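J.: Before I ask anything, here is the structure I am working with.
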Amino acid sequence: MKYTMSHTDEGVFTWEFIQKLALAVSVYCLGIVNWILALRTVKLSIAYPLTSLNYVGIFFGSSYFFHELITPTRIAGVLTIFMGILLVVIPQKKPI
């Protein structure tokens, strides 16, 4: 969606714009379907924190596709998010 909106030089309602936007919305809808299917098999207390991995993917994707700056502060933030996800997802041993 960011790419589509960033490349609207000729206008918002051109055929090319509508095609790009339809593709972006379709990919978004596939993500929603994947989420619904994941909820059928994964505990919500594990699945929901995993959605925070989007922040990690978007962090690297924005740098690669849009040449956004990666700063040490942002790296620390993404690592904090990733470590938090690990703490939630790693199975705990039951106390004796």
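Scheme for the structure tokens: letters A, B, ... for chains in order shown; per-chain residue numbers from 1; ligand numbers from 1 in order shown.
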Based on the backbone DSSP call, show me all residues of chain A assigned helix (DSSP H, G or I), as a PyMOL selection string.
T.: chain A and resi 2-6+15-41+44-50+53-66+72-89
J.: Could you write out that same residue set with C-alpha atoms as a tab-separated table (two decimals), in the first residue's frame?
T.:
chain	number	residue	atom	x	y	z
A	2	LYS	CA	2.91	2.33	0.76
A	3	TYR	CA	4.42	1.66	-2.66
A	4	THR	CA	1.10	2.25	-4.39
A	5	MET	CA	0.48	5.54	-2.62
A	6	SER	CA	4.08	6.69	-3.14
A	15	TRP	CA	-6.07	1.95	-14.18
A	16	GLU	CA	-2.47	1.30	-13.07
A	17	PHE	CA	-3.17	2.75	-9.60
A	18	ILE	CA	-6.32	0.64	-9.17
A	19	GLN	CA	-4.42	-2.52	-10.16
A	20	LYS	CA	-1.62	-1.85	-7.66
A	21	LEU	CA	-4.09	-1.02	-4.91
A	22	ALA	CA	-6.16	-4.15	-5.63
A	23	LEU	CA	-3.00	-6.26	-5.39
A	24	ALA	CA	-2.06	-4.62	-2.07
A	25	VAL	CA	-5.53	-5.16	-0.62
A	26	SER	CA	-5.51	-8.79	-1.82
A	27	VAL	CA	-2.23	-9.46	-0.04
A	28	TYR	CA	-3.66	-7.84	3.09
A	29	CYS	CA	-6.74	-10.09	2.85
A	30	LEU	CA	-4.52	-13.16	2.53
A	31	GLY	CA	-2.88	-12.12	5.78
A	32	ILE	CA	-6.27	-11.99	7.47
A	33	VAL	CA	-7.17	-15.46	6.17
A	34	ASN	CA	-3.83	-16.80	7.46
A	35	TRP	CA	-4.56	-15.25	10.85
A	36	ILE	CA	-7.98	-16.92	11.03
A	37	LEU	CA	-6.51	-20.30	10.04
A	38	ALA	CA	-3.71	-19.94	12.59
A	39	LEU	CA	-6.23	-19.32	15.35
A	40	ARG	CA	-7.75	-22.72	14.65
A	41	THR	CA	-4.59	-24.52	15.79
A	44	LEU	CA	-4.32	-17.18	21.29
A	45	SER	CA	-1.80	-16.39	24.04
A	46	ILE	CA	0.94	-17.49	21.63
A	47	ALA	CA	-0.53	-16.43	18.28
A	48	TYR	CA	-1.30	-12.84	19.20
A	49	PRO	CA	2.19	-11.93	20.41
A	50	LEU	CA	3.56	-13.48	17.21
A	53	LEU	CA	6.84	-10.08	14.22
A	54	ASN	CA	5.23	-7.77	11.67
A	55	TYR	CA	7.26	-4.97	13.23
A	56	VAL	CA	10.46	-6.88	12.58
A	57	GLY	CA	9.52	-7.65	8.97
A	58	ILE	CA	8.36	-4.12	8.27
A	59	PHE	CA	11.58	-2.76	9.80
A	60	PHE	CA	13.75	-4.68	7.35
A	61	GLY	CA	11.32	-4.30	4.44
A	62	SER	CA	11.14	-0.53	4.81
A	63	SER	CA	14.91	-0.35	4.72
A	64	TYR	CA	15.19	-2.62	1.67
A	65	PHE	CA	12.29	-1.33	-0.43
A	66	PHE	CA	12.02	2.31	0.65
A	72	PRO	CA	20.82	1.97	16.57
A	73	THR	CA	17.72	3.07	18.49
A	74	ARG	CA	15.44	1.32	16.02
A	75	ILE	CA	17.60	-1.81	16.10
A	76	ALA	CA	17.35	-1.82	19.91
A	77	GLY	CA	13.57	-1.47	19.69
A	78	VAL	CA	13.20	-4.32	17.21
A	79	LEU	CA	15.49	-6.54	19.28
A	80	THR	CA	13.41	-5.75	22.37
A	81	ILE	CA	10.24	-6.75	20.53
A	82	PHE	CA	11.87	-9.94	19.24
A	83	MET	CA	13.16	-10.91	22.69
A	84	GLY	CA	9.70	-10.30	24.17
A	85	ILE	CA	8.16	-12.59	21.58
A	86	LEU	CA	10.69	-15.30	22.43
A	87	LEU	CA	9.83	-15.01	26.11
A	88	VAL	CA	6.16	-15.53	25.33
A	89	VAL	CA	6.53	-18.32	22.78
J.: To one decimal place in Å, what is the distance between CA of Lys43 in chain A and CA of Ile90 in chain A?
T.: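 Answer for the CA of Lys43 in chain A to CA of Ile90 in chain A separation: 12.9 Å.
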